[in-house]
file upload_29.tsv (TSV, C-alpha atoms)
chain	number	residue	atom	x	y	z
A	280	MET	CA	207.07	-25.07	143.48
A	281	GLY	CA	208.26	-25.33	139.90
A	282	ILE	CA	208.22	-28.40	137.72
A	283	GLU	CA	211.33	-29.34	135.78
A	284	LEU	CA	210.40	-30.04	132.15
A	285	LEU	CA	212.61	-32.06	129.84
A	286	TYR	CA	212.23	-32.30	126.06
A	287	PHE	CA	213.64	-35.00	123.80
A	288	ALA	CA	214.09	-35.70	120.07
A	289	TRP	CA	211.99	-33.51	117.74
A	290	VAL	CA	210.15	-31.97	120.68
A	291	ARG	CA	213.51	-30.61	121.90
A	292	GLU	CA	214.45	-29.46	118.40
A	293	ALA	CA	211.15	-27.68	117.77
A	294	ILE	CA	211.29	-25.83	121.09
A	295	GLY	CA	215.00	-25.12	120.77
A	296	ARG	CA	215.94	-26.11	124.32
A	297	ASP	CA	216.25	-29.36	126.25
A	298	GLY	CA	214.33	-28.27	129.31
A	299	GLU	CA	213.15	-25.54	131.64
A	300	THR	CA	211.43	-24.96	134.97
A	301	VAL	CA	207.78	-23.90	134.82
A	302	GLU	CA	205.00	-23.00	137.23
A	303	PRO	CA	201.75	-23.95	135.53
A	304	PRO	CA	198.71	-21.86	136.45
A	305	ALA	CA	195.90	-23.20	138.61
A	306	GLY	CA	193.58	-25.29	136.49
A	307	VAL	CA	196.37	-27.17	134.72
A	308	ASP	CA	195.85	-30.59	136.35
A	309	ALA	CA	197.01	-33.23	133.86
A	310	VAL	CA	199.90	-33.58	131.45
A	311	ALA	CA	197.50	-32.97	128.56
A	312	GLY	CA	196.56	-29.62	130.10
A	313	LEU	CA	200.22	-28.79	130.60
A	314	ILE	CA	200.81	-29.49	126.89
A	315	ASP	CA	197.89	-27.23	125.91
A	316	TRP	CA	199.23	-24.49	128.14
A	317	LEU	CA	202.73	-24.77	126.67
A	318	ALA	CA	201.38	-24.86	123.09
A	319	GLY	CA	199.66	-21.56	123.86
A	320	ARG	CA	203.05	-19.91	124.03
A	321	GLY	CA	203.16	-20.22	120.23
A	322	GLY	CA	206.30	-20.47	118.12
A	323	GLY	CA	208.27	-23.68	118.59
A	324	TYR	CA	205.97	-24.74	121.42
A	325	ALA	CA	202.96	-24.62	119.14
A	326	THR	CA	204.87	-26.66	116.56
A	327	ALA	CA	206.10	-29.26	119.06
A	328	PHE	CA	202.73	-29.70	120.71
A	329	ALA	CA	200.43	-29.36	117.69
A	330	GLU	CA	199.46	-33.04	117.78
A	331	PRO	CA	199.24	-34.40	121.33
A	332	ALA	CA	198.51	-37.86	119.91
A	333	ARG	CA	202.15	-37.96	118.75
A	334	LEU	CA	203.47	-37.23	122.25
A	335	ARG	CA	204.37	-39.43	125.18
A	336	CYS	CA	205.46	-38.46	128.67
A	337	ALA	CA	207.23	-39.58	131.80
A	338	ILE	CA	206.55	-38.22	135.27
A	339	ASP	CA	209.52	-38.44	137.62
A	340	GLN	CA	211.17	-40.84	135.16
A	341	GLN	CA	208.24	-43.27	134.90
A	342	PHE	CA	206.15	-43.50	131.72
A	343	ALA	CA	202.66	-42.10	132.27
A	344	PRO	CA	199.59	-41.44	130.12
A	345	LEU	CA	198.89	-37.86	129.07
A	346	THR	CA	195.82	-38.02	131.31
A	347	ALA	CA	198.03	-38.44	134.40
A	348	SER	CA	197.92	-35.77	137.09
A	349	ILE	CA	200.87	-33.43	137.42
A	350	ALA	CA	200.18	-32.86	141.12
A	351	GLY	CA	203.37	-33.39	143.10
A	352	ALA	CA	205.49	-34.02	140.00
A	353	ARG	CA	209.10	-32.82	140.20
A	354	GLU	CA	210.19	-33.74	136.65
A	355	ILE	CA	208.06	-34.21	133.56
A	356	ALA	CA	209.57	-35.28	130.25
A	357	LEU	CA	207.74	-34.77	126.94
A	358	PHE	CA	208.85	-36.72	123.88
A	359	PRO	CA	207.78	-38.71	120.80
A	360	PRO	CA	207.13	-42.46	121.01
A	361	VAL	CA	210.41	-44.24	121.74
A	362	THR	CA	212.42	-45.86	118.94
A	363	GLY	CA	215.34	-47.70	120.54
A	364	GLY	CA	216.55	-51.24	119.98
B	130	MET	CA	221.16	-64.74	138.42
B	131	SER	CA	223.79	-62.50	136.94
B	132	ALA	CA	222.50	-59.48	135.01
B	133	ARG	CA	224.59	-56.87	133.22
B	134	VAL	CA	222.56	-53.87	132.07
B	135	HIS	CA	224.28	-50.83	130.63
B	136	VAL	CA	223.64	-47.69	128.60
B	137	GLN	CA	226.92	-46.60	127.08
B	138	GLU	CA	228.58	-44.84	124.15
B	139	ALA	CA	231.34	-47.42	123.80
B	140	ASP	CA	231.11	-50.46	121.57
B	141	VAL	CA	230.19	-53.85	123.00
B	142	ASP	CA	232.68	-56.73	123.23
B	143	ILE	CA	230.30	-59.46	122.15
B	144	GLY	CA	232.82	-62.26	122.56
B	145	ALA	CA	233.49	-61.32	126.17
B	146	GLU	CA	229.79	-60.91	126.95
B	147	LEU	CA	228.85	-64.30	125.49
B	148	ALA	CA	231.80	-65.99	127.17
B	149	ARG	CA	230.63	-64.64	130.52
B	150	LEU	CA	227.18	-66.13	129.97
B	151	GLU	CA	228.56	-69.43	128.69
B	152	ALA	CA	230.54	-69.81	131.92
B	153	LEU	CA	227.43	-69.77	134.13
B	154	GLY	CA	226.86	-73.51	133.91
B	155	GLY	CA	223.73	-73.59	131.72
B	156	GLY	CA	223.16	-75.46	128.48
B	157	GLY	CA	222.19	-72.56	126.25
B	158	VAL	CA	223.13	-68.98	125.46
B	159	ALA	CA	221.01	-66.93	123.03
B	160	SER	CA	221.82	-63.49	121.69
B	161	PHE	CA	220.53	-60.71	119.45
B	162	THR	CA	222.66	-57.88	118.09
B	163	GLY	CA	220.98	-54.79	116.64
B	164	VAL	CA	223.14	-53.13	113.96
B	165	VAL	CA	222.82	-49.81	112.12
B	166	ARG	CA	221.25	-50.65	108.75
B	167	GLY	CA	223.15	-48.98	105.92
B	168	GLY	CA	222.04	-47.85	102.48
B	169	ASP	CA	219.61	-45.22	101.18
B	170	GLY	CA	222.18	-42.48	101.71
B	171	LEU	CA	222.46	-43.01	105.45
B	172	ALA	CA	225.56	-41.35	106.91
B	173	ALA	CA	224.93	-42.09	110.59
B	174	LEU	CA	222.32	-42.99	113.15
B	175	HIS	CA	222.10	-40.81	116.23
B	176	LEU	CA	220.60	-42.31	119.39
B	177	GLU	CA	219.34	-39.98	122.07
B	178	ALA	CA	218.75	-41.29	125.59
B	179	TYR	CA	217.13	-39.89	128.74
B	180	PRO	CA	219.95	-39.70	131.29
B	181	GLY	CA	218.72	-41.13	134.56
B	182	MET	CA	215.64	-42.85	133.21
B	183	THR	CA	217.00	-45.00	130.38
B	184	GLN	CA	219.27	-47.14	132.56
B	185	ARG	CA	216.48	-47.76	135.06
B	186	ALA	CA	213.95	-48.59	132.35
B	187	LEU	CA	216.33	-51.22	130.94
B	188	GLU	CA	216.88	-52.62	134.45
B	189	GLU	CA	213.11	-52.95	134.88
B	190	ILE	CA	212.84	-54.81	131.55
B	191	ALA	CA	215.68	-57.12	132.63
B	192	ALA	CA	213.95	-57.75	135.96
B	193	GLU	CA	210.75	-58.64	134.13
B	194	ALA	CA	212.64	-61.20	132.00
B	195	GLN	CA	214.17	-62.69	135.14
B	196	ALA	CA	210.73	-62.97	136.71
B	197	ARG	CA	209.28	-64.75	133.67
B	198	TRP	CA	212.04	-67.18	132.71
B	199	PRO	CA	214.51	-69.29	134.72
B	200	LEU	CA	217.60	-67.44	133.52
B	201	LEU	CA	221.12	-68.01	134.81
B	202	GLY	CA	222.28	-64.70	133.42
B	203	LEU	CA	221.51	-61.93	130.96
B	204	THR	CA	223.22	-59.03	129.24
B	205	LEU	CA	221.38	-55.95	127.95
B	206	ILE	CA	223.74	-53.29	126.63
B	207	HIS	CA	222.32	-50.41	124.59
B	208	ARG	CA	224.48	-47.72	123.05
B	209	HIS	CA	223.72	-44.04	122.57
B	210	GLY	CA	225.46	-41.33	120.56
B	211	THR	CA	226.27	-41.26	116.85
B	212	LEU	CA	226.85	-44.60	115.11
B	213	GLY	CA	227.83	-45.42	111.54
B	214	ALA	CA	226.38	-48.09	109.26
B	215	GLY	CA	227.27	-51.56	110.48
B	216	GLU	CA	227.97	-50.42	114.03
B	217	ARG	CA	226.29	-52.24	116.91
B	218	ILE	CA	223.38	-50.52	118.63
B	219	VAL	CA	222.29	-53.10	121.16
B	220	LEU	CA	223.27	-56.51	122.47
B	221	VAL	CA	220.79	-58.76	124.23
B	222	ALA	CA	222.01	-62.12	125.47
B	223	THR	CA	220.59	-64.70	127.83
B	224	ALA	CA	221.81	-67.88	129.50
B	225	ALA	CA	219.58	-70.68	130.76
B	226	ARG	CA	219.76	-74.39	131.46
B	227	HIS	CA	217.73	-75.05	128.29
B	228	ARG	CA	217.39	-73.24	124.95
B	229	GLY	CA	213.67	-72.47	125.19
B	230	ALA	CA	214.00	-70.05	128.08
B	231	ALA	CA	217.13	-68.48	126.62
B	232	LEU	CA	215.58	-67.91	123.17
B	233	GLU	CA	212.22	-66.67	124.45
B	234	ALA	CA	213.73	-64.32	127.01
B	235	CYS	CA	216.10	-62.94	124.38
B	236	ALA	CA	213.20	-62.15	122.03
B	237	PHE	CA	211.21	-60.62	124.89
B	238	LEU	CA	214.11	-58.39	125.95
B	239	ILE	CA	214.66	-56.87	122.52
B	240	ASP	CA	210.92	-56.47	121.86
B	241	TRP	CA	210.45	-54.57	125.11
B	242	ALA	CA	213.70	-52.63	124.80
B	243	LYS	CA	212.41	-51.27	121.47
B	244	THR	CA	209.11	-50.06	122.91
B	245	LYS	CA	209.61	-49.46	126.65
B	246	ALA	CA	213.00	-47.78	127.01
B	247	PRO	CA	213.49	-44.06	126.34
B	248	PHE	CA	215.67	-43.91	123.24
B	249	TRP	CA	215.06	-41.93	120.07
B	250	LYS	CA	216.75	-42.59	116.72
B	251	GLN	CA	217.60	-39.89	114.23
B	252	GLU	CA	218.78	-40.85	110.75
B	253	ARG	CA	221.39	-38.51	109.29
B	254	PHE	CA	221.96	-38.64	105.55
B	255	THR	CA	224.93	-37.92	103.33
B	256	ASP	CA	223.07	-34.99	101.70
B	257	GLY	CA	222.95	-33.23	105.09
B	258	THR	CA	219.30	-33.90	105.85
B	259	SER	CA	218.07	-35.83	108.86
B	260	HIS	CA	214.86	-37.16	110.26
B	261	TRP	CA	213.60	-38.75	113.45
B	262	VAL	CA	212.60	-42.39	113.05
B	263	GLU	CA	208.89	-42.95	113.64
B	264	ALA	CA	207.76	-45.62	116.05
B	265	THR	CA	205.97	-48.43	114.23
B	266	ALA	CA	202.66	-50.01	115.11
B	267	ALA	CA	204.27	-53.36	114.26
B	268	ASP	CA	206.83	-52.95	117.06
B	269	GLU	CA	204.05	-52.08	119.51
B	270	THR	CA	202.05	-55.10	118.39
B	271	VAL	CA	205.00	-57.46	118.83
B	272	ALA	CA	205.80	-56.04	122.27
B	273	ALA	CA	202.15	-56.37	123.29
B	274	THR	CA	202.12	-60.09	122.48
B	275	TRP	CA	204.34	-60.54	125.56
B	276	ASP	CA	201.70	-58.73	127.65
B	277	ALA	CA	199.13	-61.24	126.45
B	278	SER	CA	201.56	-64.08	127.17
B	279	ALA	CA	201.87	-62.93	130.77
B	280	GLU	CA	198.09	-63.03	131.18
B	281	HIS	CA	198.11	-66.62	130.00
B	282	GLY	CA	200.61	-67.63	132.62
B	283	ARG	CA	203.62	-67.97	130.34
B	284	PRO	CA	206.25	-69.30	130.64
call {"tool": "encode", "arguments": {"input": "upload_29.tsv", "output": "structure tokens"}}
result
Amino acid sequence: MGIELLYFAWVREAIGRDGETVEPPAGVDAVAGLIDWLAGRGGGYATAFAEPARLRCAIDQQFAPLTASIAGAREIALFPPVTGG
Amino acid sequence: MSARVHVQEADVDIGAELARLEALGGGGVASFTGVVRGGDGLAALHLEAYPGMTQRALEEIAAEAQARWPLLGLTLIHRHGTLGAGERIVLVATAARHRGAALEACAFLIDWAKTKAPFWKQERFTDGTSHWVEATAADETVAATWDASAEHGRP
């Protein structure tokens, strides 16, 4: 079953789209691994995901650490640290 | 407890929001308004939100304030979209029987809204350039002081 990815702010701009559905290969267990896998596509993905320390994520609309498992996730959002207020 | 939490493009009627809180029977209403800071060639500030998640994140922050302070009411309205210098970004307001709870809860709400709600600010300049605002360690530090307060049993 695919995972819906959402991109925000400069992550969205670098990739050039606001989301997509992906089916990560076996062995991609955590968000960090998902980011590595996406970066491997090169181009805008490599740019957006060059520095994982600058990224934050939400799994099914709840903030989660990049070490969190993607097992069972329906929606994963990848974005920079938030700057509201 | 009467909470109004909204993510919206429209401006906020501050007078109406404060009047609503003043009518709840308490002795104090506190508020904070965040405004687009002008100057340095800024043409506009664009605020991006996460449809679906942003509203719920703000509701969770509001619920946390209600759990920590004896509030009679609160308002947390955060705008998204493109805003010019001097336009309102966010209104936080709280009502309580006494000023301490109202003032503390108001500060808590804006500190957490800045660091725990999915919004991203992009500054757009008159020369056509733009850049995404970086999160600051100072904001994280301020927000974290409320974590420490919770451990110490505050309020």
call {"tool": "atom_distance", "arguments": {"input": "upload_29.tsv", "atom1": "atom CA of Gly168 of chain B", "atom2": "atom CA of Trp241 of chain B"}}
result
26.3 Å
call {"tool": "closest_atom_pairs", "arguments": {"input": "upload_29.tsv", "of": "chain B", "to": "chain A", "cutoff": "9 Å", "atoms": "only C-alpha atoms", "output": "Markdown table"}}
result
| residue | atom | partner | partner_atom | distance |
| --- | --- | --- | --- | --- |
| B:Gly163 | CA | A:Gly364 | CA | 6.6 |
| B:Leu176 | CA | A:Gly363 | CA | 7.6 |
| B:Glu177 | CA | A:Ala288 | CA | 7.1 |
| B:Ala178 | CA | A:Phe287 | CA | 8.3 |
| B:Tyr179 | CA | A:Phe287 | CA | 7.8 |
| B:Gly181 | CA | A:Gln340 | CA | 7.6 |
| B:Met182 | CA | A:Gln340 | CA | 5.3 |
| B:Thr183 | CA | A:Gln340 | CA | 8.6 |
| B:Arg185 | CA | A:Gln340 | CA | 8.7 |
| B:Ala186 | CA | A:Gln341 | CA | 8.2 |
| B:His207 | CA | A:Gly364 | CA | 7.4 |
| B:Ile218 | CA | A:Gly364 | CA | 7.0 |
| B:Val219 | CA | A:Gly364 | CA | 6.1 |
| B:Leu220 | CA | A:Gly364 | CA | 8.9 |
| B:Ile239 | CA | A:Gly364 | CA | 6.5 |
| B:Asp240 | CA | A:Gly364 | CA | 7.9 |
| B:Trp241 | CA | A:Gly364 | CA | 8.6 |
| B:Ala242 | CA | A:Gly364 | CA | 5.8 |
| B:Lys243 | CA | A:Gly364 | CA | 4.4 |
| B:Thr244 | CA | A:Val361 | CA | 6.1 |
| B:Lys245 | CA | A:Val361 | CA | 7.2 |
| B:Ala246 | CA | A:Val361 | CA | 6.9 |
| B:Pro247 | CA | A:Val361 | CA | 5.5 |
| B:Phe248 | CA | A:Gly363 | CA | 4.7 |
| B:Trp249 | CA | A:Thr362 | CA | 4.9 |
| B:Lys250 | CA | A:Thr362 | CA | 5.9 |
| B:Gln251 | CA | A:Ala288 | CA | 8.0 |
| B:His260 | CA | A:Trp289 | CA | 8.8 |
| B:Trp261 | CA | A:Trp289 | CA | 7.0 |
| B:Val262 | CA | A:Thr362 | CA | 6.8 |
| B:Glu263 | CA | A:Thr362 | CA | 7.0 |
| B:Ala264 | CA | A:Thr362 | CA | 5.5 |
| B:Thr265 | CA | A:Thr362 | CA | 8.4 |
call {"tool": "residues_around", "arguments": {"input": "upload_29.tsv", "residues": "Arg149 of chain B", "least_positions_apart": "4", "cutoff": "12 Å", "atoms": "only C-alpha atoms", "output": "PyMOL selection string"}}
result
chain B and resi 131-133+142-145+153-155+158+201-204+222-224
call {"tool": "residues_near_point", "arguments": {"input": "upload_29.tsv", "point": "(209.8, -66.3, 126.7)", "cutoff": "9 Å", "atoms": "all atoms listed in the file", "output": "list of chain:residue names"}}
result
B:Ala194, B:Arg197, B:Trp198, B:Gly229, B:Ala230, B:Ala231, B:Leu232, B:Glu233, B:Ala234, B:Cys235, B:Ala236, B:Phe237, B:Trp275, B:Ser278, B:Arg283, B:Pro284
call {"tool": "closest_residue", "arguments": {"input": "upload_29.tsv", "among": "A:Gly351, A:Pro303, A:Gly298, A:Gly312", "to": "Phe328 of chain A", "atoms": "only C-alpha atoms"}}
result
A:Gly312
call {"tool": "atom_distance", "arguments": {"input": "upload_29.tsv", "atom1": "atom CA of Val164 of chain B", "atom2": "atom CA of Gly213 of chain B"}}
result
9.3 Å
call {"tool": "atom_distance", "arguments": {"input": "upload_29.tsv", "atom1": "atom CA of Thr270 of chain B", "atom2": "atom CA of Thr346 of chain A"}}
result
22.3 Å
call {"tool": "residues_near_point", "arguments": {"input": "upload_29.tsv", "point": "(221.2, -43.7, 99.5)", "cutoff": "10 Å", "atoms": "only C-alpha atoms", "output": "PyMOL selection string"}}
result
chain B and resi 167-172+254-256
call {"tool": "residues_around", "arguments": {"input": "upload_29.tsv", "residues": "Leu284 of chain A", "least_positions_apart": "2", "cutoff": "8 Å", "atoms": "only C-alpha atoms", "output": "list in words"}}
result
Ile282, Tyr286, Gly298, Glu299, Thr300, Val301, Glu354, Ile355, Ala356 and Leu357 of chain A
call {"tool": "residues_around", "arguments": {"input": "upload_29.tsv", "residues": "Asp315 of chain A", "least_positions_apart": "6", "cutoff": "12 Å", "atoms": "all atoms listed in the file", "output": "list of chain:residue names"}}
result
A:Pro303, A:Pro304, A:Gly306, A:Val307, A:Asp308, A:Ala309, A:Gly321, A:Tyr324, A:Ala325, A:Thr326, A:Ala327, A:Phe328, A:Ala329, A:Glu330, A:Pro331, A:Leu345
call {"tool": "write_last_selection", "arguments": {"input": "upload_29.tsv", "atoms": "C-alpha atoms", "output": "PDB file, in the coordinates of the input"}}
result
ATOM      1  CA  PRO A 303     201.750 -23.950 135.530  1.00  0.00           C
ATOM      2  CA  PRO A 304     198.710 -21.860 136.450  1.00  0.00           C
ATOM      3  CA  GLY A 306     193.580 -25.290 136.490  1.00  0.00           C
ATOM      4  CA  VAL A 307     196.370 -27.170 134.720  1.00  0.00           C
ATOM      5  CA  ASP A 308     195.850 -30.590 136.350  1.00  0.00           C
ATOM      6  CA  ALA A 309     197.010 -33.230 133.860  1.00  0.00           C
ATOM      7  CA  GLY A 321     203.160 -20.220 120.230  1.00  0.00           C
ATOM      8  CA  TYR A 324     205.970 -24.740 121.420  1.00  0.00           C
ATOM      9  CA  ALA A 325     202.960 -24.620 119.140  1.00  0.00           C
ATOM     10  CA  THR A 326     204.870 -26.660 116.560  1.00  0.00           C
ATOM     11  CA  ALA A 327     206.100 -29.260 119.060  1.00  0.00           C
ATOM     12  CA  PHE A 328     202.730 -29.700 120.710  1.00  0.00           C
ATOM     13  CA  ALA A 329     200.430 -29.360 117.690  1.00  0.00           C
ATOM     14  CA  GLU A 330     199.460 -33.040 117.780  1.00  0.00           C
ATOM     15  CA  PRO A 331     199.240 -34.400 121.330  1.00  0.00           C
ATOM     16  CA  LEU A 345     198.890 -37.860 129.070  1.00  0.00           C
TER      17      LEU A 345
END
call {"tool": "build_atoms", "arguments": {"input": "upload_29.tsv", "residues": "segment 325-350 of chain A", "atoms": "N, CA and C atoms", "output": "CSV table (one decimal), in the coordinates of the input"}}
result
chain,number,residue,atom,x,y,z
A,325,ALA,N,204.2,-24.3,119.9
A,325,ALA,CA,203.0,-24.6,119.1
A,325,ALA,C,203.3,-25.7,118.1
A,326,THR,N,204.5,-25.6,117.5
A,326,THR,CA,204.9,-26.7,116.6
A,326,THR,C,205.1,-28.0,117.3
A,327,ALA,N,205.8,-28.0,118.4
A,327,ALA,CA,206.1,-29.3,119.1
A,327,ALA,C,204.8,-29.9,119.6
A,328,PHE,N,203.9,-29.1,120.0
A,328,PHE,CA,202.7,-29.7,120.7
A,328,PHE,C,201.4,-29.6,119.9
A,329,ALA,N,201.6,-29.5,118.6
A,329,ALA,CA,200.4,-29.4,117.7
A,329,ALA,C,199.6,-30.6,117.7
A,330,GLU,N,200.2,-31.8,117.8
A,330,GLU,CA,199.5,-33.0,117.8
A,330,GLU,C,199.8,-33.9,119.0
A,331,PRO,N,199.0,-33.7,120.1
A,331,PRO,CA,199.2,-34.4,121.3
A,331,PRO,C,199.2,-35.9,121.1
A,332,ALA,N,198.5,-36.4,120.1
A,332,ALA,CA,198.5,-37.9,119.9
A,332,ALA,C,199.9,-38.4,119.6
A,333,ARG,N,200.8,-37.5,119.1
A,333,ARG,CA,202.2,-38.0,118.8
A,333,ARG,C,203.1,-37.9,119.9
A,334,LEU,N,202.6,-37.5,121.1
A,334,LEU,CA,203.5,-37.2,122.2
A,334,LEU,C,203.3,-38.3,123.3
A,335,ARG,N,204.4,-38.5,124.0
A,335,ARG,CA,204.4,-39.4,125.2
A,335,ARG,C,205.0,-38.7,126.3
A,336,CYS,N,204.9,-39.2,127.6
A,336,CYS,CA,205.5,-38.5,128.7
A,336,CYS,C,205.9,-39.4,129.8
A,337,ALA,N,206.8,-38.9,130.6
A,337,ALA,CA,207.2,-39.6,131.8
A,337,ALA,C,207.1,-38.6,132.9
A,338,ILE,N,206.6,-39.0,134.1
A,338,ILE,CA,206.6,-38.2,135.3
A,338,ILE,C,207.5,-38.8,136.3
A,339,ASP,N,208.5,-38.0,136.7
A,339,ASP,CA,209.5,-38.4,137.6
A,339,ASP,C,210.1,-39.7,137.1
A,340,GLN,N,210.4,-39.8,135.8
A,340,GLN,CA,211.2,-40.8,135.2
A,340,GLN,C,210.4,-42.2,135.1
A,341,GLN,N,209.1,-42.1,135.2
A,341,GLN,CA,208.2,-43.3,134.9
A,341,GLN,C,207.3,-42.9,133.8
A,342,PHE,N,207.1,-43.8,132.8
A,342,PHE,CA,206.2,-43.5,131.7
A,342,PHE,C,204.8,-43.3,132.3
A,343,ALA,N,204.0,-42.4,131.8
A,343,ALA,CA,202.7,-42.1,132.3
A,343,ALA,C,201.8,-41.7,131.1
A,344,PRO,N,200.5,-41.9,131.2
A,344,PRO,CA,199.6,-41.4,130.1
A,344,PRO,C,199.4,-39.9,130.2
A,345,LEU,N,199.0,-39.3,129.1
A,345,LEU,CA,198.9,-37.9,129.1
A,345,LEU,C,197.8,-37.4,130.0
A,346,THR,N,196.9,-38.4,130.4
A,346,THR,CA,195.8,-38.0,131.3
A,346,THR,C,196.3,-38.0,132.8
A,347,ALA,N,197.5,-38.4,133.0
A,347,ALA,CA,198.0,-38.4,134.4
A,347,ALA,C,198.1,-37.1,135.0
A,348,SER,N,197.9,-37.0,136.3
A,348,SER,CA,197.9,-35.8,137.1
A,348,SER,C,199.4,-35.3,137.2
A,349,ILE,N,199.5,-34.0,137.2
A,349,ILE,CA,200.9,-33.4,137.4
A,349,ILE,C,201.1,-33.0,138.9
A,350,ALA,N,200.1,-33.3,139.7
A,350,ALA,CA,200.2,-32.9,141.1
A,350,ALA,C,201.4,-33.6,141.8
